[in-house]
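Engineer: This is the content of upload01.cif (mmCIF, C-alpha atoms):
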```
data_final
#
loop_
_atom_site.label_atom_id
_atom_site.label_comp_id
_atom_site.auth_asym_id
_atom_site.auth_seq_id
_atom_site.Cartn_x
_atom_site.Cartn_y
_atom_site.Cartn_z
CA MET A 387 33.23 5.72 -12.59
CA THR A 388 35.41 8.72 -12.67
CA ASP A 389 38.64 7.00 -12.03
CA GLN A 390 40.93 7.11 -14.97
CA GLU A 391 42.33 3.67 -14.32
CA GLN A 392 41.34 1.32 -17.06
CA LEU A 393 39.37 -1.70 -16.07
CA ASN A 394 41.31 -4.69 -17.17
CA ILE A 395 38.26 -6.83 -17.69
CA ASP A 396 35.40 -6.26 -20.08
CA ALA A 397 33.05 -3.52 -19.01
CA PRO A 398 29.59 -4.91 -18.27
CA SER A 399 27.23 -5.08 -21.22
CA LYS A 400 23.88 -3.34 -21.49
CA SER A 401 21.99 -6.56 -20.99
CA SER A 402 23.94 -7.57 -17.89
CA ILE A 403 23.39 -4.12 -16.34
CA ALA A 404 19.68 -4.30 -17.11
CA LYS A 405 19.51 -7.82 -15.72
CA ALA A 406 21.35 -6.88 -12.54
CA THR A 407 19.14 -3.82 -12.05
CA GLY A 408 16.03 -5.95 -12.56
CA ILE A 409 17.24 -8.57 -10.12
CA ALA A 410 18.11 -5.89 -7.55
CA LEU A 411 14.61 -4.43 -7.89
CA ILE A 412 12.91 -7.83 -7.64
CA VAL A 413 14.99 -8.86 -4.60
CA ALA A 414 14.18 -5.51 -2.96
CA LEU A 415 10.44 -5.86 -3.68
CA VAL A 416 10.35 -9.43 -2.38
CA LEU A 417 12.14 -8.43 0.83
CA LEU A 418 9.96 -5.34 1.23
CA PHE A 419 6.67 -7.21 0.87
CA THR A 420 7.66 -10.34 2.76
CA ALA A 421 9.66 -8.84 5.61
CA VAL A 422 10.17 -5.07 5.86
CA LEU A 423 6.57 -3.85 5.43
CA PRO A 424 5.04 -6.56 7.69
CA ALA A 425 7.65 -5.90 10.39
CA GLU A 426 7.65 -2.12 10.21
CA TYR A 427 4.05 -1.24 9.37
CA GLY A 428 2.02 -4.43 9.89
CA PHE A 429 1.17 -4.36 6.16
CA ASP A 430 1.14 -8.06 5.36
CA PRO A 431 -0.47 -8.75 1.94
CA LEU A 432 1.24 -12.13 1.47
CA LYS A 433 0.75 -13.25 5.09
CA THR A 434 4.48 -13.96 5.29
CA GLY A 435 4.82 -11.56 8.19
CA SER A 436 2.42 -13.46 10.42
CA ALA A 437 3.92 -16.79 9.28
CA LEU A 438 7.38 -15.60 10.33
CA GLY A 439 6.12 -13.79 13.40
CA LEU A 440 7.33 -10.44 12.06
CA THR A 441 4.05 -8.59 12.46
CA GLY A 442 4.48 -8.81 16.23
CA ILE A 443 7.07 -6.06 15.93
CA SER A 444 4.64 -3.57 14.43
CA GLU A 445 1.70 -4.79 16.55
CA SER A 446 3.55 -3.83 19.70
CA GLN A 447 3.81 -0.32 18.26
CA VAL A 448 0.13 -0.28 17.28
CA LYS A 449 -0.88 -1.31 20.79
CA GLU A 450 1.05 1.61 22.16
CA VAL A 451 -0.91 3.96 19.96
CA LYS A 452 -4.26 2.57 21.11
CA GLY A 453 -3.10 3.94 24.42
CA ALA A 454 -4.77 1.60 26.94
CA ALA A 455 -1.57 1.74 28.92
CA PRO A 456 0.70 4.79 28.92
CA THR A 457 3.70 4.38 26.67
CA PRO A 458 7.12 4.47 28.22
CA ALA A 459 8.27 8.05 27.90
CA PRO A 460 11.71 9.10 26.72
CA GLY A 461 14.22 9.12 29.49
CA GLN A 462 12.14 6.93 31.77
CA THR A 463 14.38 5.51 34.46
CA GLY A 464 12.17 3.65 36.87
CA VAL A 465 9.97 5.86 38.99
CA TYR A 466 10.41 9.23 37.35
CA THR A 467 10.52 10.50 33.77
CA ALA A 468 12.65 13.44 32.68
CA GLN A 469 10.64 15.90 30.61
CA PRO A 470 11.43 18.88 28.37
CA LYS A 471 11.64 22.19 30.24
CA ILE A 472 8.31 23.62 29.08
CA TYR A 473 6.17 23.06 32.13
CA LYS A 474 2.83 24.76 31.52
CA VAL A 475 -0.41 25.11 33.42
CA ASP A 476 -3.78 25.93 32.02
CA SER A 477 -7.29 26.19 33.35
CA GLN A 478 -10.50 26.89 31.46
CA ASP A 479 -14.12 27.51 32.34
CA PHE A 480 -16.79 26.39 29.93
CA GLN A 481 -20.51 26.67 29.69
CA LEU A 482 -22.48 24.44 27.37
CA HIS A 483 -26.13 24.88 26.53
CA PRO A 484 -28.12 21.75 25.67
CA GLY A 485 -26.86 20.30 22.39
CA GLU A 486 -23.65 22.38 22.37
CA GLY A 487 -20.14 20.96 22.21
CA VAL A 488 -16.61 22.25 22.73
CA GLU A 489 -13.17 20.85 22.19
CA MET A 490 -9.89 21.63 23.96
CA LYS A 491 -6.57 20.28 22.70
CA TYR A 492 -2.96 20.55 23.88
CA HIS A 493 0.07 20.07 21.68
CA LEU A 494 2.51 17.55 23.19
CA GLN A 495 5.64 15.86 21.91
CA LYS A 496 5.57 12.08 21.88
CA GLY A 497 6.30 10.87 25.40
CA ALA A 498 5.51 14.22 27.03
CA ALA A 499 3.08 14.04 29.95
CA MET A 500 0.23 16.02 31.44
CA VAL A 501 -1.99 15.71 34.48
CA TYR A 502 -5.62 16.77 34.11
CA GLY A 503 -8.90 17.05 35.89
CA TRP A 504 -12.30 18.40 34.88
CA LYS A 505 -15.44 18.76 36.93
CA ALA A 506 -18.93 19.70 35.77
CA ASP A 507 -22.21 20.51 37.44
CA GLY A 508 -24.02 18.07 35.15
CA LYS A 509 -23.36 15.07 32.94
CA LEU A 510 -21.35 15.54 29.76
CA THR A 511 -20.58 13.01 27.06
CA PHE A 512 -16.98 13.24 25.93
CA GLU A 513 -14.14 11.72 24.03
CA PHE A 514 -10.51 12.01 25.09
CA HIS A 515 -8.54 11.69 21.87
CA GLY A 516 -5.52 12.88 19.88
CA GLU A 517 -4.42 13.77 16.38
CA PRO A 518 -0.77 13.19 15.45
CA ASP A 519 0.93 15.99 13.52
CA GLN A 520 1.81 13.43 10.86
CA LYS A 521 -1.43 11.67 10.15
CA PRO A 522 -2.16 9.23 7.34
CA THR A 523 -5.51 10.76 6.46
CA LYS A 524 -7.05 14.18 7.06
CA ASP A 525 -9.63 13.02 9.58
CA TYR A 526 -7.40 10.54 11.38
CA PHE A 527 -7.49 10.51 15.20
CA GLU A 528 -6.80 8.14 18.05
CA SER A 529 -9.40 7.62 20.75
CA TYR A 530 -8.21 7.19 24.36
CA GLU A 531 -11.47 7.28 26.30
CA LEU A 532 -14.99 7.52 24.96
CA ASP A 533 -18.26 8.01 26.79
CA ASN A 534 -20.90 9.05 24.29
CA LYS A 535 -23.92 7.46 26.00
CA ILE A 536 -24.33 8.18 29.70
CA GLY A 537 -21.62 10.75 30.25
CA LYS A 538 -19.74 11.80 33.37
CA ASP A 539 -19.57 14.90 35.52
CA ALA A 540 -15.85 14.61 36.25
CA SER A 541 -12.67 12.87 35.12
CA TYR A 542 -9.13 12.92 36.48
CA GLY A 543 -5.97 11.33 35.18
CA SER A 544 -2.44 11.49 33.92
CA PHE A 545 -1.57 11.16 30.28
CA THR A 546 1.56 10.40 28.26
CA ALA A 547 1.30 11.40 24.59
CA PRO A 548 1.59 8.34 22.30
CA SER A 549 2.48 10.61 19.38
CA THR A 550 3.58 14.17 18.72
CA GLY A 551 0.39 16.07 18.08
CA ILE A 552 -2.67 17.62 19.69
CA HIS A 553 -4.39 15.72 22.48
CA GLY A 554 -7.48 16.63 24.43
CA TRP A 555 -11.22 16.40 24.89
CA PHE A 556 -14.42 16.92 23.05
CA TRP A 557 -17.37 17.49 25.39
CA GLN A 558 -21.01 17.64 24.50
CA ASN A 559 -24.04 18.50 26.54
CA LYS A 560 -26.72 15.99 25.58
CA GLY A 561 -28.92 16.91 28.56
CA ASN A 562 -31.61 19.55 28.75
CA LYS A 563 -29.96 21.93 31.23
CA VAL A 564 -27.01 24.29 30.93
CA VAL A 565 -23.81 22.66 32.20
CA GLN A 566 -20.84 24.56 33.52
CA PHE A 567 -17.50 22.90 33.95
CA HIS A 568 -13.90 23.61 34.73
CA LEU A 569 -10.75 22.04 33.27
CA ASN A 570 -7.30 22.04 34.92
CA VAL A 571 -4.24 20.86 33.01
CA ALA A 572 -0.56 20.89 33.94
CA GLY A 573 2.11 19.38 31.80
CA PHE A 574 4.69 19.61 29.06
CA PHE A 575 2.69 21.03 26.19
CA ASP A 576 3.72 24.00 24.09
CA SER A 577 0.41 25.31 22.82
CA ALA A 578 -3.34 24.87 23.09
CA LYS A 579 -6.31 25.11 20.79
CA MET A 580 -10.01 25.47 21.46
CA TYR A 581 -12.61 24.41 18.89
CA VAL A 582 -16.00 26.02 19.11
CA ASP A 583 -18.35 24.92 16.32
CA GLY A 584 -15.47 23.01 14.76
CA SER A 585 -13.25 26.01 14.07
CA PRO A 586 -9.88 26.11 15.89
CA GLU A 587 -8.73 29.08 17.89
CA ASP A 588 -5.30 29.35 19.57
CA VAL A 589 -5.44 29.67 23.33
CA PRO A 590 -2.44 31.27 25.05
CA VAL A 591 -0.83 28.99 27.67
CA GLU A 592 1.31 30.09 30.57
CA ASP A 593 4.54 28.79 31.97
CA ALA A 594 4.14 27.42 35.47
CA LYS A 595 5.46 29.94 38.03
CA MET B 1406 39.48 -20.29 -5.74
CA LEU B 1407 38.48 -21.18 -2.21
CA GLN B 1408 40.48 -18.25 -0.94
CA ARG B 1409 38.82 -15.89 -3.35
CA VAL B 1410 35.38 -17.10 -2.33
CA SER B 1411 36.18 -16.74 1.33
CA ILE B 1412 37.49 -13.20 0.80
CA PHE B 1413 34.31 -12.36 -1.06
CA PHE B 1414 32.15 -13.59 1.77
CA PHE B 1415 34.32 -11.83 4.31
CA ALA B 1416 33.87 -8.61 2.39
CA LEU B 1417 30.12 -9.10 2.13
CA ILE B 1418 29.83 -9.71 5.86
CA LEU B 1419 31.92 -6.63 6.46
CA ILE B 1420 29.68 -4.56 4.16
CA CYS B 1421 26.55 -5.90 5.83
CA GLY B 1422 28.07 -5.10 9.20
CA LEU B 1423 28.74 -1.56 8.09
CA LEU B 1424 25.34 -1.11 6.51
CA PHE B 1425 23.33 -2.64 9.32
CA PRO B 1426 25.20 -2.22 12.59
CA THR B 1427 23.26 -3.44 15.60
CA GLY B 1428 20.76 -0.92 16.75
CA ALA B 1429 21.31 1.17 13.67
CA SER B 1430 18.61 3.61 12.90
CA ALA B 1431 18.13 5.54 9.72
CA HIS B 1432 15.33 7.47 11.32
CA ASN B 1433 15.57 8.55 14.81
CA VAL B 1434 18.04 9.77 17.22
CA SER B 1435 17.24 7.24 19.96
CA LYS B 1436 14.60 8.00 22.57
CA ARG B 1437 17.06 8.49 25.38
CA ASP B 1438 19.07 10.94 23.28
CA ALA B 1439 15.87 12.71 22.31
CA SER B 1440 14.98 13.23 25.93
CA PHE B 1441 18.40 14.68 26.58
CA VAL B 1442 18.13 17.02 23.63
CA GLN B 1443 14.65 18.19 24.61
CA SER B 1444 15.51 18.86 28.21
CA ASN B 1445 18.68 20.63 27.19
CA GLN B 1446 18.74 24.40 27.30
CA GLY B 1447 21.56 26.49 25.94
CA ALA B 1448 24.77 25.57 24.18
CA ALA B 1449 26.09 22.07 24.74
CA ILE B 1450 28.92 21.50 22.29
CA ALA B 1451 30.27 18.09 23.24
CA PRO B 1452 26.92 16.29 23.57
CA PHE B 1453 25.76 17.56 20.17
CA VAL B 1454 29.08 16.63 18.54
CA TYR B 1455 28.63 13.16 19.97
CA LEU B 1456 25.01 12.88 18.79
CA GLY B 1457 26.00 14.00 15.28
CA ALA B 1458 28.81 11.45 15.09
CA LYS B 1459 26.57 8.72 16.45
CA HIS B 1460 23.86 9.55 13.93
CA MET B 1461 26.31 9.27 11.06
CA VAL B 1462 28.04 6.08 12.20
CA THR B 1463 24.71 4.32 12.78
CA GLY B 1464 22.80 5.90 9.86
CA TYR B 1465 23.02 3.18 7.24
CA ASP B 1466 21.43 5.20 4.44
CA HIS B 1467 24.22 7.80 4.52
CA LEU B 1468 26.83 5.06 4.83
CA ALA B 1469 25.45 3.05 1.91
CA PHE B 1470 25.60 6.14 -0.31
CA LEU B 1471 29.17 7.00 0.72
CA PHE B 1472 30.20 3.38 0.18
CA GLY B 1473 28.92 3.70 -3.40
CA VAL B 1474 30.65 7.03 -3.91
CA ILE B 1475 34.12 5.88 -2.87
CA PHE B 1476 33.81 2.40 -4.36
CA PHE B 1477 35.88 3.25 -7.43
CA LEU B 1478 37.95 6.09 -5.96
CA TYR B 1479 41.52 4.89 -5.67
CA ARG B 1480 43.33 8.10 -4.85
CA LEU B 1481 43.05 9.73 -1.47
CA LYS B 1482 42.83 13.10 -3.26
CA ASP B 1483 39.66 11.99 -5.07
CA VAL B 1484 38.16 10.60 -1.89
CA VAL B 1485 38.74 13.94 -0.16
CA THR B 1486 37.28 15.90 -3.10
CA TYR B 1487 34.07 13.87 -3.28
CA VAL B 1488 33.56 13.65 0.45
CA SER B 1489 34.09 17.42 0.73
CA LEU B 1490 31.41 18.03 -1.91
CA PHE B 1491 29.04 15.74 -0.02
CA THR B 1492 29.86 17.54 3.22
CA LEU B 1493 29.33 20.94 1.61
CA GLY B 1494 25.93 19.84 0.31
CA HIS B 1495 24.59 18.40 3.54
CA SER B 1496 25.98 21.21 5.71
CA ILE B 1497 24.13 23.82 3.66
CA THR B 1498 20.75 22.14 3.97
CA LEU B 1499 21.20 21.03 7.58
CA LEU B 1500 21.88 24.61 8.66
CA ALA B 1501 19.34 26.18 6.33
CA GLY B 1502 16.71 23.59 7.19
CA VAL B 1503 16.91 23.95 10.96
CA LEU B 1504 17.68 27.67 11.16
CA GLY B 1505 15.30 28.63 8.35
CA GLY B 1506 12.60 26.39 9.78
CA ILE B 1507 12.16 24.54 6.49
CA HIS B 1508 10.11 21.46 7.30
CA ALA B 1509 10.58 18.82 4.66
CA ASN B 1510 8.59 15.59 4.92
CA SER B 1511 11.08 13.14 6.36
CA TYR B 1512 9.66 10.16 4.45
CA VAL B 1513 10.02 11.94 1.12
CA VAL B 1514 13.56 13.07 1.95
CA ASP B 1515 14.55 9.60 3.17
CA ALA B 1516 13.05 8.03 0.02
CA ILE B 1517 15.24 10.34 -2.08
CA ILE B 1518 18.25 9.39 0.06
CA GLY B 1519 17.41 5.71 -0.58
CA PHE B 1520 17.17 6.50 -4.28
CA SER B 1521 20.61 8.18 -4.17
CA VAL B 1522 22.02 4.76 -3.23
CA VAL B 1523 20.30 3.18 -6.27
CA TYR B 1524 21.60 5.99 -8.48
CA LYS B 1525 25.20 5.61 -7.34
CA ALA B 1526 25.12 1.82 -7.64
CA PHE B 1527 23.76 2.11 -11.20
CA ASP B 1528 26.50 4.62 -11.95
CA ASN B 1529 29.13 2.26 -10.57
CA MET B 1530 27.75 -0.52 -12.76
CA ASP B 1531 28.51 1.77 -15.70
CA GLY B 1532 24.79 1.96 -16.39
CA PHE B 1533 24.65 5.62 -17.45
CA ARG B 1534 27.43 5.33 -20.01
CA ARG B 1535 25.90 2.20 -21.47
CA PHE B 1536 22.34 3.41 -21.62
CA LEU B 1537 22.66 7.17 -22.06
CA GLY B 1538 26.00 7.21 -23.82
CA PHE B 1539 27.41 9.59 -21.19
CA GLU B 1540 27.92 9.71 -17.46
CA PRO B 1541 26.17 12.59 -15.64
CA ASN B 1542 28.69 14.73 -13.79
CA THR B 1543 29.56 12.63 -10.75
CA LYS B 1544 30.78 15.58 -8.67
CA LEU B 1545 27.57 17.49 -9.26
CA ALA B 1546 25.52 14.39 -8.42
CA VAL B 1547 27.33 13.98 -5.09
CA LEU B 1548 26.76 17.66 -4.27
CA ILE B 1549 23.05 17.49 -5.11
CA PHE B 1550 22.46 14.29 -3.19
CA GLY B 1551 24.48 15.84 -0.35
CA LEU B 1552 21.85 18.60 -0.24
CA PHE B 1553 19.10 15.99 0.20
CA HIS B 1554 21.05 14.10 2.87
CA GLY B 1555 21.34 17.42 4.75
CA PHE B 1556 17.56 17.86 4.68
CA GLY B 1557 17.33 14.35 6.08
CA LEU B 1558 19.63 15.32 8.96
CA ALA B 1559 17.63 18.52 9.48
CA THR B 1560 14.31 16.68 9.79
CA LYS B 1561 15.86 14.41 12.45
CA LEU B 1562 16.98 17.42 14.47
CA GLN B 1563 13.66 19.24 13.99
CA GLU B 1564 11.76 16.23 15.38
CA LEU B 1565 13.56 16.96 18.64
CA ASP B 1566 12.03 20.38 19.17
CA LEU B 1567 15.28 22.14 19.98
CA ALA B 1568 15.50 24.96 22.48
CA LYS B 1569 16.08 28.37 20.85
CA ASN B 1570 18.77 29.16 23.35
CA GLY B 1571 22.17 28.19 21.89
CA LEU B 1572 20.53 26.78 18.77
CA VAL B 1573 23.22 27.80 16.28
CA THR B 1574 26.07 26.49 18.45
CA ASN B 1575 24.24 23.21 18.90
CA ILE B 1576 23.48 22.71 15.20
CA VAL B 1577 27.04 23.54 14.21
CA SER B 1578 28.25 21.11 16.88
CA PHE B 1579 25.89 18.46 15.52
CA ASN B 1580 27.25 19.08 12.03
CA VAL B 1581 30.86 18.83 13.24
CA GLY B 1582 29.90 15.53 14.86
CA VAL B 1583 28.41 14.35 11.58
CA GLU B 1584 31.76 15.03 9.86
CA ILE B 1585 33.69 13.19 12.56
CA GLY B 1586 31.34 10.22 12.28
CA GLN B 1587 31.68 10.32 8.52
CA VAL B 1588 35.49 10.26 8.69
CA LEU B 1589 35.39 7.33 11.14
CA ALA B 1590 32.98 5.34 8.97
CA LEU B 1591 34.82 6.18 5.76
CA THR B 1592 38.15 5.11 7.22
CA ALA B 1593 36.74 1.69 8.00
CA VAL B 1594 35.21 1.37 4.53
CA LEU B 1595 38.41 2.55 2.83
CA ILE B 1596 40.60 0.07 4.72
CA ALA B 1597 38.30 -2.78 3.73
CA LEU B 1598 38.08 -1.59 0.11
CA SER B 1599 41.84 -1.06 -0.25
CA TYR B 1600 42.52 -4.55 0.98
CA TRP B 1601 39.88 -5.99 -1.29
CA ARG B 1602 41.25 -4.12 -4.33
CA THR B 1603 44.60 -5.87 -4.03
CA ARG B 1604 42.78 -9.12 -4.73
CA ILE B 1605 42.25 -10.41 -8.26
CA GLY B 1606 38.54 -10.93 -7.81
CA PHE B 1607 37.75 -7.28 -6.99
CA LEU B 1608 36.54 -6.11 -10.38
CA ARG B 1609 34.52 -9.22 -11.02
CA HIS B 1610 32.80 -8.98 -7.66
CA ALA B 1611 32.50 -5.21 -7.96
CA PHE B 1612 29.55 -5.63 -10.32
CA ALA B 1613 27.71 -8.03 -8.00
CA THR B 1614 28.49 -5.83 -4.99
CA ASN B 1615 27.00 -2.78 -6.68
CA ALA B 1616 23.95 -4.80 -7.68
CA THR B 1617 23.58 -5.73 -4.00
CA LEU B 1618 24.05 -2.10 -3.01
CA MET B 1619 21.34 -1.19 -5.50
CA ALA B 1620 18.97 -3.70 -3.91
CA VAL B 1621 19.69 -2.11 -0.50
CA GLY B 1622 18.89 1.28 -2.05
CA PHE B 1623 15.60 -0.01 -3.46
CA ILE B 1624 14.66 -1.46 -0.06
CA LEU B 1625 15.42 1.84 1.70
CA THR B 1626 13.39 3.73 -0.91
CA GLY B 1627 10.42 1.36 -0.70
CA TYR B 1628 10.53 1.39 3.08
CA GLN B 1629 10.26 5.18 3.13
CA ILE B 1630 7.59 5.39 0.43
CA ALA B 1631 5.53 2.86 2.41
CA GLY B 1632 6.14 4.93 5.55
CA TYR B 1633 4.75 7.97 3.78
CA TYR B 1634 1.48 6.12 3.24
CA PHE B 1635 1.24 4.00 6.39
CA ALA B 1636 2.88 5.87 9.23
#
```
Let's see the structure in the file written out as structure tokens.
Structural biologist:
Amino acid sequence: MTDQEQLNIDAPSKSSIAKATGIALIVALVLLFTAVLPAEYGFDPLKTGSALGLTGISESQVKEVKGAAPTPAPGQTGVYTAQPKIYKVDSQDFQLHPGEGVEMKYHLQKGAAMVYGWKADGKLTFEFHGEPDQKPTKDYFESYELDNKIGKDASYGSFTAPSTGIHGWFWQNKGNKVVQFHLNVAGFFDSAKMYVDGSPEDVPVEDAK
Amino acid sequence: MLQRVSIFFFALILICGLLFPTGASAHNVSKRDASFVQSNQGAAIAPFVYLGAKHMVTGYDHLAFLFGVIFFLYRLKDVVTYVSLFTLGHSITLLAGVLGGIHANSYVVDAIIGFSVVYKAFDNMDGFRRFLGFEPNTKLAVLIFGLFHGFGLATKLQELDLAKNGLVTNIVSFNVGVEIGQVLALTAVLIALSYWRTRIGFLRHAFATNATLMAVGFILTGYQIAGYYFA
């Protein structure tokens, strides 16, 4: 208190300040663990969140991340979605010998979209997945589509990023013949990375003409 | 007695209303605004002034801290001095953060901002003088916490991936908007506080109010620390 005006009642004692601070901390902890953390993060150690129906709030966010359905993008107004002015196109040719794998990732802001298609002359197993820039653990990723058994020779789709981060594919040739394939991507990404043998390499991307 | 109690509750409701306005967000400029900002190219003064003001008026962590700072300031001169120091602090780091490309972790910064609320509430409860025998310089504390609040504002703007074109104009506009929002919010808080101070119960309830403010600060801090681990 910097004000020079004298308080005309007794200033609080040490014990009452300590008590008030303790009570404030306890109240805050109780509210955090019973309401805030269950509602915001789905962390519900006391099961109060599910009892009060609060975990539904965070579950709806978790479902978005799982990405079965595209998340509503920013600025979505019915049939179209406004996007940042960084429209890029990219196309890559790959060749995978038996047993080899390659990974191609595009950096998108949350809610930014891309349209993709890849076509191969043989079956490839693959995983379409993403890694948010802010991830809870080093190896954290989110899987969107996984085919690690039979494989496909083509896939086409549109994608809306559930988080700001890198999103893309890992392909592997589990057959016994060389497979060549071609990837086309157009969308609102700002950079791209290719991983050969697990080490990342920046790939220049072009603005759409 | 009844009147005093009713005034107390009125004030509490008012405080809660100011701290948690509907749709308030300590974190994000809303999605629709984000889309505007991302698709914007070049200088756009008015929209960024508006976004800055909106962020401040609906950012309850900044408001809770300012509420604590002006709680015991009776003279307009003092209010202006402290608020100017806070403004100086957060302007420096907002500009330096965005222009210098300093990327602070937003959860850490927001946890410190939450802690600044606890700190100020403890100060208002006379805690430092009682426990340490002296009160740390309050002007310096406001300036330092202002620096952290500015980093918080910077991380919000950086999340938006601003266009390089017209960047400086837009950040300065955002900062001007923050000041306008701050003046609007402070005016409301000051009117409520001035009225409350004319009542006999003010000093008695002041202690309980700051304890409540402290609890809000602890919640904000815990929320952000948890976010650092979970999100």
Engineer: Which neighbours of segment 501-515 of chain A fall inside 7 Å, counting all atoms listed in the file, when residues of the same chain fewer than 3 positions from it are skipped, and could you give them as a ChimeraX atom specification?
Structural biologist: /A:527-545,553-560,565-573
Engineer: Can you spell out as a list of chain:residue names the set of residues that the PyMOL selection byres ((chain B and resi 1551) around 7) selects in the structure I just provided?
Structural biologist: B:Phe1491, B:Thr1492, B:Gly1494, B:His1495, B:Val1547, B:Leu1548, B:Ile1549, B:Phe1550, B:Leu1552, B:Phe1553, B:His1554, B:Gly1555
Engineer: Using the chain letters and residue numbers of this document, give as a count of residues only the residues selected by the PyMOL selection byres ((chain B and resi 1511) around 9).
Structural biologist: 15
Engineer: Give me the result of the PyMOL selection byres ((chain A and resi 494-499) around 6) on this file, residue by residue, as a list in words.
Structural biologist: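 What the PyMOL selection byres ((chain A and resi 494-499) around 6) grabs from the file is Ala459, Pro460, His493, Met500, Phe545, Thr546, Ala547, Pro548, Ser549, Thr550, Gly551, Gly573, Phe574 and Phe575 of chain A.
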Engineer: Here's a test: counting only C-alpha atoms, identify every protein, DNA and RNA residue with an atom at most 6 Å from (24.1, 0.8, -7.9) in the file's coordinate frame, and state them as an MDAnalysis selection string.
Structural biologist: chainID B and resid 1523:1527 1529 1615:1616 1618:1619
Engineer: May I ask for the distance between atom CA of Lys1459 of chain B and atom CA of Glu1584 of chain B, given in Å to one decimal place?
Structural biologist: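 Pair atom CA of Lys1459 of chain B / atom CA of Glu1584 of chain B returns 10.5 Å.
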Engineer: For segment 1447-1456 of chain B, please output as an MDAnalysis selection string all residues within 9 Å (counting all atoms listed in the file; exclusion window: fewer than 2 positions along the same chain).
Structural biologist: chainID B and resid 1434 1438 1442 1445 1458:1461 1568:1583 1585:1586
Engineer: Once you add 4 Å to each side, what are the centre and edge lengths of the axis-aligned box holding all listed atoms of segment 1576-1584 of chain B? One decimal in Å, as AutoDock Vina command-line options, if you can.
Structural biologist:
```
--center_x 27.6 --center_y 18.9 --center_z 13.4 --size_x 16.3 --size_y 17.2 --size_z 15.0
```
Engineer: When you draw a straight line from atom CA of Ser1521 of chain B to atom CA of Ala1620 of chain B, how long is it in Å?
Structural biologist: 12.0 Å
Engineer: Atom CA of Phe429 of chain A and atom CA of Gly1632 of chain B, how far apart in Å?
Structural biologist: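 Separating atom CA of Gly1632 of chain B from atom CA of Phe429 of chain A is a distance of 10.6 Å.
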Engineer: Nearest residue to chain A out of B:Phe1539, B:Phe1477, B:Phe1607, B:Tyr1600, using all atoms listed in the file?
Structural biologist: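 Answer, going by the shortest atom-to-atom distance: B:Phe1477.
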Engineer: Please provide as a list in words all residues within 10 Å of Leu438 of chain A, with the sequence filter that same-chain residues fewer than 6 positions apart are discarded (counting only C-alpha atoms).
Structural biologist: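 Using only C-alpha atoms, the neighbours found are Thr420, Ala421, Pro424 and Ala425 of chain A.
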Engineer: Could you name the residues that touch Leu411 of chain A at 12 Å or less, counting only C-alpha atoms, but leaving out those on the same chain fewer than 5 positions away, as a PyMOL selection string?
Structural biologist: (chain A and resi 404-406+416-418) or (chain B and resi 1520+1523+1527+1616-1627)
Engineer: Would you write out those residues with C-alpha atoms, as a PDB file, in the frame of the given file?
Structural biologist:
```
ATOM      1  CA  ALA A 404      19.680  -4.300 -17.110  1.00  0.00           C
ATOM      2  CA  LYS A 405      19.510  -7.820 -15.720  1.00  0.00           C
ATOM      3  CA  ALA A 406      21.350  -6.880 -12.540  1.00  0.00           C
ATOM      4  CA  VAL A 416      10.350  -9.430  -2.380  1.00  0.00           C
ATOM      5  CA  LEU A 417      12.140  -8.430   0.830  1.00  0.00           C
ATOM      6  CA  LEU A 418       9.960  -5.340   1.230  1.00  0.00           C
TER       7      LEU A 418
ATOM      8  CA  PHE B1520      17.170   6.500  -4.280  1.00  0.00           C
ATOM      9  CA  VAL B1523      20.300   3.180  -6.270  1.00  0.00           C
ATOM     10  CA  PHE B1527      23.760   2.110 -11.200  1.00  0.00           C
ATOM     11  CA  ALA B1616      23.950  -4.800  -7.680  1.00  0.00           C
ATOM     12  CA  THR B1617      23.580  -5.730  -4.000  1.00  0.00           C
ATOM     13  CA  LEU B1618      24.050  -2.100  -3.010  1.00  0.00           C
ATOM     14  CA  MET B1619      21.340  -1.190  -5.500  1.00  0.00           C
ATOM     15  CA  ALA B1620      18.970  -3.700  -3.910  1.00  0.00           C
ATOM     16  CA  VAL B1621      19.690  -2.110  -0.500  1.00  0.00           C
ATOM     17  CA  GLY B1622      18.890   1.280  -2.050  1.00  0.00           C
ATOM     18  CA  PHE B1623      15.600  -0.010  -3.460  1.00  0.00           C
ATOM     19  CA  ILE B1624      14.660  -1.460  -0.060  1.00  0.00           C
ATOM     20  CA  LEU B1625      15.420   1.840   1.700  1.00  0.00           C
ATOM     21  CA  THR B1626      13.390   3.730  -0.910  1.00  0.00           C
ATOM     22  CA  GLY B1627      10.420   1.360  -0.700  1.00  0.00           C
TER      23      GLY B1627
END
```
Engineer: Could you check which of B:Ile1475, B:Ala1469, B:Ala1501, B:Leu1595 is closest to chain A, using all atoms listed in the file?
Structural biologist: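 Of all the options, B:Ile1475 lies closest to chain A.
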Engineer: Which one is closest to chain B: A:Gly485, A:Leu432, A:Asp588, A:Tyr473? Count only C-alpha atoms.
Structural biologist: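 The closest residue to chain B is A:Tyr473.
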Engineer: Could you tell me which of A:Val564, A:Ile552, A:Ala468, A:Met490 comes closest to chain B if we count only C-alpha atoms?
Structural biologist: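 Ranked by minimum distance to chain B, first place goes to A:Ala468.
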Engineer: Of the candidates A:Gly428, A:Pro398, A:Gly435, A:Pro470, which one gets nearest to chain B if we count only C-alpha atoms?
Structural biologist: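 Using only C-alpha atoms, chain B sits closest to A:Pro470.
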Engineer: Pick from B:His1467, B:Arg1535, B:Lys1482, B:His1610: nearest to chain A, with all atoms listed in the file counted?
Structural biologist: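 Checking each of B:His1467, B:Arg1535, B:Lys1482, B:His1610 against chain A, counting all atoms listed in the file, the winner is B:Arg1535.
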